[in-house]
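Remarks on the structure that follows.
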Number of protein chains: 2
Amino acid sequence: MRWSEIDQQDCSVAQALSIVGDRWTLLILRDAFMRVRRFEDFLESTGAPRPVLSERLKTLVDNGVLEKQQYSERPDRFEYRLTEMGLDLWPVLISLLRWGDKWMPDKDGPPVIVSHKGCGHVVVPELACPECGEWLTATDMEAHRRRSMQRA
Amino acid sequence: MRWSEIDQQDCSVAQALSIVGDRWTLLILRDAFMRVRRFEDFLESTGAPRPVLSERLKTLVDNGVLEKQQYSERPDRFEYRLTEMGLDLWPVLISLLRWGDKWMPDKDGPPVIVSHKGCGHVVVPELACPECGEWLTATDMEAHRRRSMQRA
DNA sequence: TCCTTGAGTTCAGAAATCAAACTCACTAAG
DNA sequence: CTTAGTGAGTTTGATTTCTGAACTCAAGGA
């Protein structure tokens with residue numbers, strides 16, 4: 001199977017990765033959450049090569065993760081903003097951040113911290129059970145396939 | 001900058017992606033969480049090409065995400081299991097699963113469901129604030145860089 | 001002895017990535 | 001009104017990566 005065909009797997013993780021699983025894409029989104037919006041700024045902040053950035057932004061827009069908004073006429077200039085679909089990737093980025101901080105800590109402490117506007121604390125968000133409210137780890141959970149693997 | 005150099009970025013997300021951000025790697029981990037352990041089974045379940053799978057497993061082991069355990073002498077046979085570091089990637093996979101289910105739903109319902117052993121419910125884990133316990137979304141949070149971007 | 005299995009490695013062609021240079025539509029400076 | 005600069009891309013050609021198919025190796029079984 002080719003990477004470009006993983007969206008044919010009957011699996012939501014594969015579906016998600018078919019959109020955000022390419023090189024540089026999650027770094028672009030990381031920076032979008034940090035309020036980066038313009039092409040030249042993404043170039044600088046992500047370090048992605050120009051043609052790759054161009055292609056990635058295009059597919060993120062096509063898939064509804066970013067939207068392209070005009071911020072100047074004459075000359076025509078556009079910027080890229082997270083859509084609701086894009087904002088909803090926050091947990092993915094936060095989980096990667098948390099894992100990186102935990103297992104590959106920097107000697108000078110975490111480069112980025114996250115605070116909760118509601119309570120004002122600097123926090124490391126954790127997964128909890130929406131039914132009983134308990135904090136969750138891998139061993140508390142059980143994943144179950146509801147039907148045999150197939151070509152979607 | 002090259003993709004192979006993103007571990008030089010002073011950013012935990014980039015650090016994390018330098019280990020799990022390559023093509024196929026997160027699909028391998030997805031299946032590891034579903035109790036897949038052997039080379040030929042990973043081949044089948046992920047769809048990754050043979051040489052790619054071989055290389056990815058090697059770097060996951062080298063980085064401490066998986067461990068290689070012997071399950072047979074004569075002939076020598078090994079299997080791959082998640083380490084504590086690997087198990088701790090659960091939130092990343094769950095977040096991708098949740099996002100895929102929400103924004104690219106399958107007409108037959110979610111292919112995989114997750115249940116909480118503690119309370120027995122089928123759940124969709126969500127991020128919560130460890131300080132005040134409130135459920136969190138992107139707009140409730142603020143990410144803040146603690147020092148200027150640099151080469152780590 | 002020959003066939004099969006599991007776990008890879010090797011190989012050569014195809015696809016993706018990369019850095020550098022180029023384009024295009026303007027604006028600003030002299 | 002000619003030249004330089006800016007932002008947002010394309011184009012180009014060399015380099016890496018990926019990919020499928022074939023091959024290897026150690027052992028087990030018929």
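For the structure tokens, the naming scheme is as follows: chains receive sequential letters (A, B, ...) according to their order of presentation, residues are indexed from 1 within each chain, and ligands are indexed from 1 in presentation order.
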If chain A is fitted onto chain B by least squares over all C-alpha atoms, taken pair by pair in sequence order, what do its new coordinates look like as a CSV table (one decimal) with N, CA and C atoms, in the first residue's frame?
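result_29.csv, freshly written:
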```csv
chain,number,residue,atom,x,y,z
A,1,MET,N,15.7,24.1,6.0
A,1,MET,CA,15.9,23.0,7.0
A,1,MET,C,15.4,21.7,6.4
A,2,ARG,N,16.1,20.7,6.8
A,2,ARG,CA,15.6,19.3,6.3
A,2,ARG,C,14.8,18.7,7.4
A,3,TRP,N,13.9,17.8,7.0
A,3,TRP,CA,13.1,17.1,7.9
A,3,TRP,C,13.9,16.4,9.0
A,4,SER,N,15.0,15.8,8.5
A,4,SER,CA,15.9,15.1,9.5
A,4,SER,C,16.5,15.9,10.5
A,5,GLU,N,16.4,17.2,10.4
A,5,GLU,CA,17.0,18.2,11.3
A,5,GLU,C,16.0,18.8,12.3
A,6,ILE,N,14.7,18.4,12.2
A,6,ILE,CA,13.7,19.1,13.0
A,6,ILE,C,13.9,18.9,14.5
A,7,ASP,N,14.7,17.9,14.9
A,7,ASP,CA,15.0,17.7,16.3
A,7,ASP,C,15.9,18.8,16.8
A,8,GLN,N,16.4,19.6,15.9
A,8,GLN,CA,17.2,20.8,16.4
A,8,GLN,C,16.3,22.0,16.8
A,9,GLN,N,15.0,21.9,16.4
A,9,GLN,CA,14.2,23.0,16.8
A,9,GLN,C,13.9,23.0,18.3
A,10,ASP,N,13.9,24.1,18.9
A,10,ASP,CA,13.7,24.2,20.3
A,10,ASP,C,12.2,24.2,20.6
A,11,CYS,N,11.6,23.0,20.4
A,11,CYS,CA,10.1,22.9,20.5
A,11,CYS,C,9.8,21.4,20.7
A,12,SER,N,9.0,21.2,21.7
A,12,SER,CA,8.7,19.8,22.1
A,12,SER,C,7.9,19.1,21.1
A,13,VAL,N,7.0,19.8,20.3
A,13,VAL,CA,6.3,19.1,19.3
A,13,VAL,C,7.2,18.7,18.2
A,14,ALA,N,8.2,19.5,17.8
A,14,ALA,CA,9.2,19.1,16.8
A,14,ALA,C,10.0,17.9,17.3
A,15,GLN,N,10.4,17.9,18.6
A,15,GLN,CA,11.1,16.8,19.2
A,15,GLN,C,10.3,15.5,19.1
A,16,ALA,N,9.0,15.6,19.4
A,16,ALA,CA,8.2,14.4,19.4
A,16,ALA,C,8.1,14.0,17.9
A,17,LEU,N,7.8,14.9,17.0
A,17,LEU,CA,7.7,14.5,15.6
A,17,LEU,C,9.0,13.9,15.0
A,18,SER,N,10.1,14.3,15.5
A,18,SER,CA,11.3,13.7,15.0
A,18,SER,C,11.4,12.2,15.3
A,19,ILE,N,10.6,11.8,16.3
A,19,ILE,CA,10.6,10.3,16.5
A,19,ILE,C,9.3,9.7,15.9
A,20,VAL,N,8.2,10.3,16.0
A,20,VAL,CA,7.0,9.6,15.6
A,20,VAL,C,6.3,10.3,14.3
A,21,GLY,N,7.0,11.3,13.7
A,21,GLY,CA,6.4,12.0,12.7
A,21,GLY,C,6.7,11.5,11.3
A,22,ASP,N,7.4,10.4,11.1
A,22,ASP,CA,7.6,9.9,9.8
A,22,ASP,C,6.4,9.1,9.3
A,23,ARG,N,6.3,9.0,8.0
A,23,ARG,CA,5.3,8.2,7.3
A,23,ARG,C,5.2,6.8,8.0
A,24,TRP,N,4.1,6.3,8.3
A,24,TRP,CA,3.8,5.0,8.8
A,24,TRP,C,4.0,4.8,10.3
A,25,THR,N,4.8,5.7,10.9
A,25,THR,CA,5.2,5.4,12.3
A,25,THR,C,4.0,5.4,13.2
A,26,LEU,N,3.1,6.4,13.0
A,26,LEU,CA,1.9,6.5,13.9
A,26,LEU,C,0.9,5.3,13.6
A,27,LEU,N,0.9,4.8,12.4
A,27,LEU,CA,0.1,3.7,12.1
A,27,LEU,C,0.6,2.4,12.8
A,28,ILE,N,2.0,2.3,12.8
A,28,ILE,CA,2.6,1.2,13.5
A,28,ILE,C,2.2,1.2,15.0
A,29,LEU,N,2.2,2.4,15.6
A,29,LEU,CA,1.9,2.6,17.0
A,29,LEU,C,0.4,2.3,17.2
A,30,ARG,N,-0.4,2.8,16.3
A,30,ARG,CA,-1.8,2.5,16.4
A,30,ARG,C,-2.0,1.0,16.6
A,31,ASP,N,-1.4,0.2,15.8
A,31,ASP,CA,-1.6,-1.2,15.8
A,31,ASP,C,-0.9,-1.8,17.0
A,32,ALA,N,0.2,-1.3,17.4
A,32,ALA,CA,0.8,-1.8,18.7
A,32,ALA,C,-0.2,-1.6,19.8
A,33,PHE,N,-0.9,-0.6,19.9
A,33,PHE,CA,-2.0,-0.4,20.9
A,33,PHE,C,-3.1,-1.4,20.7
A,34,MET,N,-3.2,-1.9,19.5
A,34,MET,CA,-4.3,-3.0,19.3
A,34,MET,C,-3.6,-4.4,19.4
A,35,ARG,N,-2.5,-4.4,20.1
A,35,ARG,CA,-1.9,-5.7,20.4
A,35,ARG,C,-1.2,-6.4,19.2
A,36,VAL,N,-0.9,-5.7,18.2
A,36,VAL,CA,-0.1,-6.3,17.1
A,36,VAL,C,1.4,-6.2,17.6
A,37,ARG,N,2.1,-7.3,17.4
A,37,ARG,CA,3.5,-7.4,17.9
A,37,ARG,C,4.5,-7.9,17.0
A,38,ARG,N,4.1,-8.6,15.9
A,38,ARG,CA,5.1,-9.2,15.1
A,38,ARG,C,5.2,-8.6,13.7
A,39,PHE,N,6.4,-8.7,13.2
A,39,PHE,CA,6.7,-8.1,11.9
A,39,PHE,C,5.7,-8.3,10.8
A,40,GLU,N,5.4,-9.6,10.6
A,40,GLU,CA,4.5,-9.9,9.5
A,40,GLU,C,3.1,-9.4,9.7
A,41,ASP,N,2.7,-9.3,11.0
A,41,ASP,CA,1.4,-8.7,11.4
A,41,ASP,C,1.3,-7.2,11.2
A,42,PHE,N,2.4,-6.6,11.5
A,42,PHE,CA,2.5,-5.1,11.3
A,42,PHE,C,2.4,-4.8,9.8
A,43,LEU,N,3.1,-5.7,9.0
A,43,LEU,CA,3.1,-5.5,7.6
A,43,LEU,C,1.7,-5.5,7.1
A,44,GLU,N,0.9,-6.5,7.5
A,44,GLU,CA,-0.5,-6.7,7.1
A,44,GLU,C,-1.3,-5.5,7.6
A,45,SER,N,-1.2,-5.2,8.9
A,45,SER,CA,-2.1,-4.3,9.5
A,45,SER,C,-1.9,-2.8,9.1
A,46,THR,N,-0.6,-2.5,9.0
A,46,THR,CA,-0.3,-1.1,8.6
A,46,THR,C,-0.4,-0.8,7.1
A,47,GLY,N,0.0,-1.9,6.3
A,47,GLY,CA,0.1,-1.7,4.9
A,47,GLY,C,1.5,-1.1,4.5
A,48,ALA,N,2.3,-0.8,5.4
A,48,ALA,CA,3.6,-0.2,5.1
A,48,ALA,C,4.5,-1.2,4.3
A,49,PRO,N,5.3,-0.7,3.4
A,49,PRO,CA,6.2,-1.5,2.6
A,49,PRO,C,7.2,-2.2,3.6
A,50,ARG,N,7.6,-3.4,3.3
A,50,ARG,CA,8.6,-4.1,4.1
A,50,ARG,C,9.8,-3.4,4.5
A,51,PRO,N,10.6,-2.8,3.6
A,51,PRO,CA,11.8,-2.1,4.1
A,51,PRO,C,11.5,-0.9,4.9
A,52,VAL,N,10.4,-0.2,4.7
A,52,VAL,CA,10.1,0.9,5.5
A,52,VAL,C,9.7,0.4,6.9
A,53,LEU,N,8.9,-0.6,7.0
A,53,LEU,CA,8.5,-1.1,8.3
A,53,LEU,C,9.8,-1.5,9.1
A,54,SER,N,10.7,-2.2,8.4
A,54,SER,CA,11.9,-2.6,9.1
A,54,SER,C,12.7,-1.4,9.7
A,55,GLU,N,12.8,-0.4,8.9
A,55,GLU,CA,13.5,0.8,9.3
A,55,GLU,C,12.8,1.5,10.5
A,56,ARG,N,11.5,1.6,10.4
A,56,ARG,CA,10.7,2.3,11.4
A,56,ARG,C,10.8,1.6,12.7
A,57,LEU,N,10.6,0.3,12.7
A,57,LEU,CA,10.7,-0.5,13.9
A,57,LEU,C,12.0,-0.3,14.6
A,58,LYS,N,13.1,-0.3,13.8
A,58,LYS,CA,14.4,-0.1,14.3
A,58,LYS,C,14.5,1.2,15.0
A,59,THR,N,14.1,2.3,14.4
A,59,THR,CA,14.2,3.6,15.1
A,59,THR,C,13.3,3.7,16.3
A,60,LEU,N,12.1,3.1,16.2
A,60,LEU,CA,11.3,3.1,17.4
A,60,LEU,C,11.9,2.4,18.6
A,61,VAL,N,12.6,1.3,18.3
A,61,VAL,CA,13.3,0.6,19.4
A,61,VAL,C,14.5,1.4,19.8
A,62,ASP,N,15.3,2.0,18.9
A,62,ASP,CA,16.4,2.8,19.3
A,62,ASP,C,16.0,4.0,20.2
A,63,ASN,N,14.8,4.5,19.9
A,63,ASN,CA,14.4,5.7,20.7
A,63,ASN,C,13.6,5.3,21.9
A,64,GLY,N,13.5,4.0,22.2
A,64,GLY,CA,12.8,3.6,23.4
A,64,GLY,C,11.3,3.6,23.4
A,65,VAL,N,10.7,3.7,22.2
A,65,VAL,CA,9.2,3.7,22.2
A,65,VAL,C,8.7,2.2,22.1
A,66,LEU,N,9.5,1.4,21.5
A,66,LEU,CA,9.2,-0.1,21.5
A,66,LEU,C,10.3,-0.8,22.0
A,67,GLU,N,10.1,-2.0,22.5
A,67,GLU,CA,11.2,-2.9,22.8
A,67,GLU,C,11.0,-4.2,22.1
A,68,LYS,N,12.2,-4.8,21.8
A,68,LYS,CA,12.2,-6.0,21.0
A,68,LYS,C,12.4,-7.2,22.0
A,69,GLN,N,11.5,-8.1,22.0
A,69,GLN,CA,11.6,-9.2,22.9
A,69,GLN,C,11.6,-10.5,22.2
A,70,GLN,N,12.4,-11.4,22.6
A,70,GLN,CA,12.5,-12.7,22.0
A,70,GLN,C,11.2,-13.5,22.4
A,71,TYR,N,10.6,-14.1,21.4
A,71,TYR,CA,9.5,-15.0,21.8
A,71,TYR,C,9.7,-16.4,21.3
A,72,SER,N,10.9,-16.7,20.7
A,72,SER,CA,11.2,-18.0,20.3
A,72,SER,C,12.7,-18.1,20.0
A,73,GLU,N,13.4,-19.2,20.5
A,73,GLU,CA,14.7,-19.5,20.1
A,73,GLU,C,14.5,-20.6,19.1
A,74,ARG,N,15.5,-20.8,18.2
A,74,ARG,CA,15.4,-21.9,17.2
A,74,ARG,C,14.0,-22.0,16.6
A,75,PRO,N,13.7,-21.2,15.6
A,75,PRO,CA,14.6,-20.1,15.2
A,75,PRO,C,14.4,-18.9,16.0
A,76,ASP,N,15.4,-18.0,16.1
A,76,ASP,CA,15.3,-16.8,16.8
A,76,ASP,C,14.1,-15.9,16.2
A,77,ARG,N,13.2,-15.6,17.1
A,77,ARG,CA,12.1,-14.7,16.6
A,77,ARG,C,11.8,-13.7,17.7
A,78,PHE,N,11.5,-12.5,17.2
A,78,PHE,CA,11.3,-11.4,18.2
A,78,PHE,C,10.0,-10.7,17.9
A,79,GLU,N,9.5,-10.1,19.0
A,79,GLU,CA,8.3,-9.3,18.8
A,79,GLU,C,8.5,-7.9,19.4
A,80,TYR,N,7.7,-7.0,19.0
A,80,TYR,CA,7.8,-5.6,19.4
A,80,TYR,C,6.7,-5.2,20.4
A,81,ARG,N,7.1,-4.6,21.5
A,81,ARG,CA,6.1,-4.2,22.5
A,81,ARG,C,6.3,-2.8,22.9
A,82,LEU,N,5.2,-2.1,23.2
A,82,LEU,CA,5.2,-0.7,23.7
A,82,LEU,C,5.9,-0.7,25.0
A,83,THR,N,6.9,0.3,25.2
A,83,THR,CA,7.5,0.6,26.5
A,83,THR,C,6.6,1.5,27.2
A,84,GLU,N,7.0,2.0,28.4
A,84,GLU,CA,6.2,3.0,29.1
A,84,GLU,C,6.1,4.2,28.3
A,85,MET,N,7.3,4.6,27.6
A,85,MET,CA,7.3,5.8,26.8
A,85,MET,C,6.3,5.6,25.6
A,86,GLY,N,6.3,4.4,25.1
A,86,GLY,CA,5.3,4.2,24.0
A,86,GLY,C,3.9,4.2,24.4
A,87,LEU,N,3.6,3.6,25.6
A,87,LEU,CA,2.2,3.6,26.1
A,87,LEU,C,1.8,5.1,26.3
A,88,ASP,N,2.7,5.9,26.6
A,88,ASP,CA,2.4,7.3,27.0
A,88,ASP,C,2.0,8.1,25.7
A,89,LEU,N,2.1,7.5,24.5
A,89,LEU,CA,1.7,8.1,23.3
A,89,LEU,C,0.2,8.0,23.1
A,90,TRP,N,-0.5,7.2,23.9
A,90,TRP,CA,-1.9,7.0,23.9
A,90,TRP,C,-2.7,8.3,23.6
A,91,PRO,N,-2.5,9.3,24.3
A,91,PRO,CA,-3.3,10.5,24.0
A,91,PRO,C,-3.1,11.0,22.6
A,92,VAL,N,-2.0,10.9,22.0
A,92,VAL,CA,-1.8,11.3,20.6
A,92,VAL,C,-2.7,10.5,19.7
A,93,LEU,N,-2.6,9.2,19.9
A,93,LEU,CA,-3.5,8.4,19.0
A,93,LEU,C,-4.9,8.6,19.2
A,94,ILE,N,-5.3,8.7,20.5
A,94,ILE,CA,-6.7,8.9,20.8
A,94,ILE,C,-7.2,10.2,20.2
A,95,SER,N,-6.4,11.2,20.3
A,95,SER,CA,-6.8,12.5,19.7
A,95,SER,C,-7.0,12.5,18.2
A,96,LEU,N,-6.1,11.7,17.6
A,96,LEU,CA,-6.2,11.6,16.1
A,96,LEU,C,-7.5,10.8,15.8
A,97,LEU,N,-7.7,9.8,16.6
A,97,LEU,CA,-8.9,8.9,16.4
A,97,LEU,C,-10.2,9.8,16.5
A,98,ARG,N,-10.2,10.5,17.6
A,98,ARG,CA,-11.4,11.4,17.9
A,98,ARG,C,-11.6,12.4,16.8
A,99,TRP,N,-10.5,13.0,16.3
A,99,TRP,CA,-10.6,14.0,15.2
A,99,TRP,C,-11.1,13.4,13.9
A,100,GLY,N,-10.5,12.2,13.6
A,100,GLY,CA,-11.0,11.5,12.4
A,100,GLY,C,-12.4,11.1,12.5
A,101,ASP,N,-12.9,10.6,13.7
A,101,ASP,CA,-14.3,10.3,13.8
A,101,ASP,C,-15.2,11.5,13.7
A,102,LYS,N,-14.8,12.6,14.2
A,102,LYS,CA,-15.6,13.8,14.2
A,102,LYS,C,-15.7,14.4,12.8
A,103,TRP,N,-14.6,14.5,12.2
A,103,TRP,CA,-14.6,15.4,10.9
A,103,TRP,C,-14.6,14.6,9.7
A,104,MET,N,-14.3,13.3,9.7
A,104,MET,CA,-14.4,12.4,8.6
A,104,MET,C,-15.1,11.2,8.9
A,105,PRO,N,-16.3,11.3,9.4
A,105,PRO,CA,-17.1,10.2,9.9
A,105,PRO,C,-17.4,9.1,8.8
A,106,ASP,N,-17.3,7.9,9.2
A,106,ASP,CA,-17.7,6.8,8.3
A,106,ASP,C,-19.2,6.6,8.4
A,107,LYS,N,-19.8,6.3,7.2
A,107,LYS,CA,-21.2,6.1,7.2
A,107,LYS,C,-21.7,5.0,8.1
A,108,ASP,N,-20.8,4.0,8.3
A,108,ASP,CA,-21.2,2.9,9.2
A,108,ASP,C,-20.8,3.1,10.6
A,109,GLY,N,-20.5,4.3,11.0
A,109,GLY,CA,-20.1,4.6,12.4
A,109,GLY,C,-18.7,4.4,12.6
A,110,PRO,N,-18.1,4.7,13.8
A,110,PRO,CA,-16.7,4.6,14.0
A,110,PRO,C,-16.2,3.2,13.9
A,111,PRO,N,-15.1,3.0,13.2
A,111,PRO,CA,-14.6,1.6,13.1
A,111,PRO,C,-14.1,1.0,14.4
A,112,VAL,N,-13.6,1.9,15.3
A,112,VAL,CA,-13.0,1.5,16.5
A,112,VAL,C,-13.6,2.3,17.7
A,113,ILE,N,-14.0,1.6,18.7
A,113,ILE,CA,-14.5,2.3,19.9
A,113,ILE,C,-13.6,2.1,21.1
A,114,VAL,N,-13.7,3.0,22.0
A,114,VAL,CA,-12.8,2.9,23.2
A,114,VAL,C,-13.6,2.9,24.4
A,115,SER,N,-13.3,1.9,25.3
A,115,SER,CA,-14.1,1.9,26.6
A,115,SER,C,-13.2,2.0,27.8
A,116,HIS,N,-13.7,2.6,28.8
A,116,HIS,CA,-13.0,2.9,30.1
A,116,HIS,C,-13.2,1.7,31.0
A,117,LYS,N,-12.1,0.9,31.2
A,117,LYS,CA,-12.3,-0.3,32.1
A,117,LYS,C,-12.9,0.1,33.4
A,118,GLY,N,-12.5,1.3,34.0
A,118,GLY,CA,-12.9,1.7,35.3
A,118,GLY,C,-14.4,1.7,35.4
A,119,CYS,N,-15.1,2.5,34.5
A,119,CYS,CA,-16.5,2.7,34.6
A,119,CYS,C,-17.3,1.9,33.6
A,120,GLY,N,-16.6,1.2,32.7
A,120,GLY,CA,-17.3,0.3,31.8
A,120,GLY,C,-17.9,1.0,30.6
A,121,HIS,N,-18.0,2.3,30.5
A,121,HIS,CA,-18.6,3.0,29.4
A,121,HIS,C,-17.7,3.1,28.2
A,122,VAL,N,-18.4,3.1,27.0
A,122,VAL,CA,-17.7,3.5,25.8
A,122,VAL,C,-17.6,5.0,25.8
A,123,VAL,N,-16.4,5.5,25.6
A,123,VAL,CA,-16.1,6.9,25.8
A,123,VAL,C,-15.3,7.5,24.7
A,124,VAL,N,-15.4,8.8,24.6
A,124,VAL,CA,-14.5,9.6,23.8
A,124,VAL,C,-13.7,10.5,24.7
A,125,PRO,N,-12.5,10.1,25.1
A,125,PRO,CA,-11.8,10.9,26.1
A,125,PRO,C,-11.6,12.3,25.7
A,126,GLU,N,-11.6,13.2,26.6
A,126,GLU,CA,-11.5,14.6,26.3
A,126,GLU,C,-10.4,15.2,27.2
A,127,LEU,N,-9.8,16.3,26.8
A,127,LEU,CA,-8.8,17.0,27.6
A,127,LEU,C,-9.5,17.8,28.7
A,128,ALA,N,-8.9,17.7,29.9
A,128,ALA,CA,-9.4,18.5,31.0
A,128,ALA,C,-8.3,19.2,31.7
A,129,CYS,N,-8.6,20.3,32.4
A,129,CYS,CA,-7.6,21.0,33.1
A,129,CYS,C,-7.3,20.3,34.5
A,130,PRO,N,-6.0,20.0,34.7
A,130,PRO,CA,-5.7,19.2,35.9
A,130,PRO,C,-5.8,20.1,37.1
A,131,GLU,N,-5.9,21.4,37.0
A,131,GLU,CA,-6.0,22.3,38.1
A,131,GLU,C,-7.4,22.4,38.6
A,132,CYS,N,-8.3,22.8,37.6
A,132,CYS,CA,-9.7,23.0,38.0
A,132,CYS,C,-10.7,22.0,37.5
A,133,GLY,N,-10.2,21.1,36.7
A,133,GLY,CA,-11.0,20.0,36.2
A,133,GLY,C,-12.0,20.3,35.1
A,134,GLU,N,-12.0,21.5,34.6
A,134,GLU,CA,-12.9,21.8,33.5
A,134,GLU,C,-12.5,21.2,32.2
A,135,TRP,N,-13.4,20.9,31.3
A,135,TRP,CA,-13.1,20.4,30.0
A,135,TRP,C,-12.5,21.5,29.2
A,136,LEU,N,-11.5,21.2,28.4
A,136,LEU,CA,-10.8,22.2,27.6
A,136,LEU,C,-10.9,22.1,26.1
A,137,THR,N,-11.0,23.3,25.5
A,137,THR,CA,-10.9,23.3,24.0
A,137,THR,C,-9.9,24.4,23.7
A,138,ALA,N,-9.6,24.4,22.4
A,138,ALA,CA,-8.5,25.3,21.9
A,138,ALA,C,-8.6,26.7,22.4
A,139,THR,N,-9.8,27.2,22.4
A,139,THR,CA,-10.0,28.7,22.7
A,139,THR,C,-10.0,29.0,24.2
A,140,ASP,N,-10.0,27.9,25.0
A,140,ASP,CA,-9.8,28.1,26.5
A,140,ASP,C,-8.4,28.2,26.9
A,141,MET,N,-7.5,28.0,25.9
A,141,MET,CA,-6.1,27.8,26.3
A,141,MET,C,-5.2,28.9,25.6
A,142,GLU,N,-4.1,29.1,26.2
A,142,GLU,CA,-3.1,30.1,25.6
A,142,GLU,C,-1.8,29.5,25.7
A,143,ALA,N,-1.1,29.3,24.5
A,143,ALA,CA,0.2,28.8,24.5
A,143,ALA,C,1.2,30.0,24.5
A,144,HIS,N,2.3,29.8,25.2
A,144,HIS,CA,3.2,30.9,25.4
A,144,HIS,C,4.6,30.4,25.3
A,145,ARG,N,5.4,31.0,24.4
A,145,ARG,CA,6.8,30.6,24.3
A,145,ARG,C,7.6,31.3,25.4
A,146,ARG,N,8.4,30.6,26.1
A,146,ARG,CA,9.2,31.1,27.2
A,146,ARG,C,10.5,31.7,26.9
A,147,ARG,N,11.0,31.4,25.7
A,147,ARG,CA,12.2,32.0,25.2
A,147,ARG,C,12.2,32.1,23.7
A,148,SER,N,13.0,32.9,23.1
A,148,SER,CA,13.0,33.1,21.7
A,148,SER,C,13.4,31.8,21.0
A,149,MET,N,12.9,31.6,19.8
A,149,MET,CA,13.3,30.4,19.0
A,149,MET,C,14.8,30.3,18.8
A,150,GLN,N,15.3,29.2,18.9
A,150,GLN,CA,16.8,29.0,18.7
A,150,GLN,C,17.1,27.6,18.2
A,151,ARG,N,18.3,27.4,17.8
A,151,ARG,CA,18.7,26.1,17.6
A,151,ARG,C,19.0,25.4,18.9
A,152,ALA,N,18.4,24.3,19.1
A,152,ALA,CA,18.6,23.7,20.4
A,152,ALA,C,20.0,23.2,20.6
```
- Query: Using only C-alpha atoms (C1' of nucleotides), which chain C residues lie at most 9 Å away from chain B, written as a list in words?
  - Reply: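 Taken together, these residues fit the definition: DG6, DA7, DG8, DT9, DT17 and DC18 of chain C.
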Now that the selection is made, can you save its residues with N, CA, C and O atoms (P, O5', C5', C4', C3', O3' and C1' of nucleotides) as a PDB file, in the first residue's frame?
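Resulting contents of result.pdb:
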```
ATOM      1  P    DG C   6       4.279 -17.408   9.617  1.00  0.00           P
ATOM      2  O5'  DG C   6       5.549 -16.621  10.148  1.00  0.00           O
ATOM      3  C5'  DG C   6       6.257 -17.121  11.270  1.00  0.00           C
ATOM      4  C4'  DG C   6       7.527 -16.317  11.427  1.00  0.00           C
ATOM      5  C3'  DG C   6       7.305 -14.802  11.372  1.00  0.00           C
ATOM      6  O3'  DG C   6       7.974 -14.257  12.502  1.00  0.00           O
ATOM      7  C1'  DG C   6       8.986 -15.465   9.816  1.00  0.00           C
ATOM      8  P    DA C   7       7.935 -12.705  12.817  1.00  0.00           P
ATOM      9  O5'  DA C   7       9.286 -12.217  12.133  1.00  0.00           O
ATOM     10  C5'  DA C   7      10.528 -12.649  12.682  1.00  0.00           C
ATOM     11  C4'  DA C   7      11.642 -12.115  11.824  1.00  0.00           C
ATOM     12  C3'  DA C   7      11.547 -10.608  11.531  1.00  0.00           C
ATOM     13  O3'  DA C   7      12.816 -10.001  11.752  1.00  0.00           O
ATOM     14  C1'  DA C   7      11.874 -11.805   9.563  1.00  0.00           C
ATOM     15  P    DG C   8      12.917  -8.469  12.212  1.00  0.00           P
ATOM     16  O5'  DG C   8      12.459  -7.737  10.884  1.00  0.00           O
ATOM     17  C5'  DG C   8      13.318  -7.134   9.973  1.00  0.00           C
ATOM     18  C4'  DG C   8      14.322  -8.065   9.315  1.00  0.00           C
ATOM     19  C3'  DG C   8      15.147  -7.311   8.306  1.00  0.00           C
ATOM     20  O3'  DG C   8      16.453  -7.118   8.800  1.00  0.00           O
ATOM     21  C1'  DG C   8      14.311  -9.374   7.405  1.00  0.00           C
ATOM     22  P    DT C   9      17.333  -5.943   8.125  1.00  0.00           P
ATOM     23  O5'  DT C   9      17.730  -6.516   6.680  1.00  0.00           O
ATOM     24  C5'  DT C   9      18.748  -7.501   6.575  1.00  0.00           C
ATOM     25  C4'  DT C   9      19.135  -7.659   5.115  1.00  0.00           C
ATOM     26  C3'  DT C   9      19.667  -6.392   4.446  1.00  0.00           C
ATOM     27  O3'  DT C   9      20.850  -6.790   3.749  1.00  0.00           O
ATOM     28  C1'  DT C   9      17.861  -7.267   3.190  1.00  0.00           C
ATOM     29  P    DT C  17       6.972  15.107   0.427  1.00  0.00           P
ATOM     30  O5'  DT C  17       8.511  15.519   0.291  1.00  0.00           O
ATOM     31  C5'  DT C  17       9.492  14.693   0.897  1.00  0.00           C
ATOM     32  C4'  DT C  17      10.866  15.304   0.743  1.00  0.00           C
ATOM     33  C3'  DT C  17      11.000  16.747   1.239  1.00  0.00           C
ATOM     34  O3'  DT C  17      12.090  16.742   2.154  1.00  0.00           O
ATOM     35  C1'  DT C  17      11.939  16.491  -0.912  1.00  0.00           C
ATOM     36  P    DC C  18      12.389  18.035   3.052  1.00  0.00           P
ATOM     37  O5'  DC C  18      13.401  18.877   2.155  1.00  0.00           O
ATOM     38  C5'  DC C  18      14.722  18.366   1.934  1.00  0.00           C
ATOM     39  C4'  DC C  18      15.484  19.221   0.933  1.00  0.00           C
ATOM     40  C3'  DC C  18      15.424  20.733   1.161  1.00  0.00           C
ATOM     41  O3'  DC C  18      16.618  21.109   1.816  1.00  0.00           O
ATOM     42  C1'  DC C  18      15.253  20.128  -1.176  1.00  0.00           C
TER      43       DC C  18
END
```
- Message: Could you pull out the strand (DSSP E or B) residues of chain A, going by DSSP on the backbone, and write them as number ranges by chain?
- Response: A: 9, 66-72, 77-82, 112-116, 122-123, 126-128, 135, 141-145, 151
- Item | Distance filter 12 Å, only C-alpha atoms (C1' of nucleotides), chain D against chain A, as number ranges by chain | D: 6-12, 18-20
- helix (DSSP H, G or I) per DSSP on the backbone: members of stretch 38-92 of chain B, as a PyMOL selection string: chain B and resi 39-46+50-62+84-87+90-92
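Taking atom C1' of C:DA12 as the reference point, atom C1' of D:DA21 is found at 10.1 Å.
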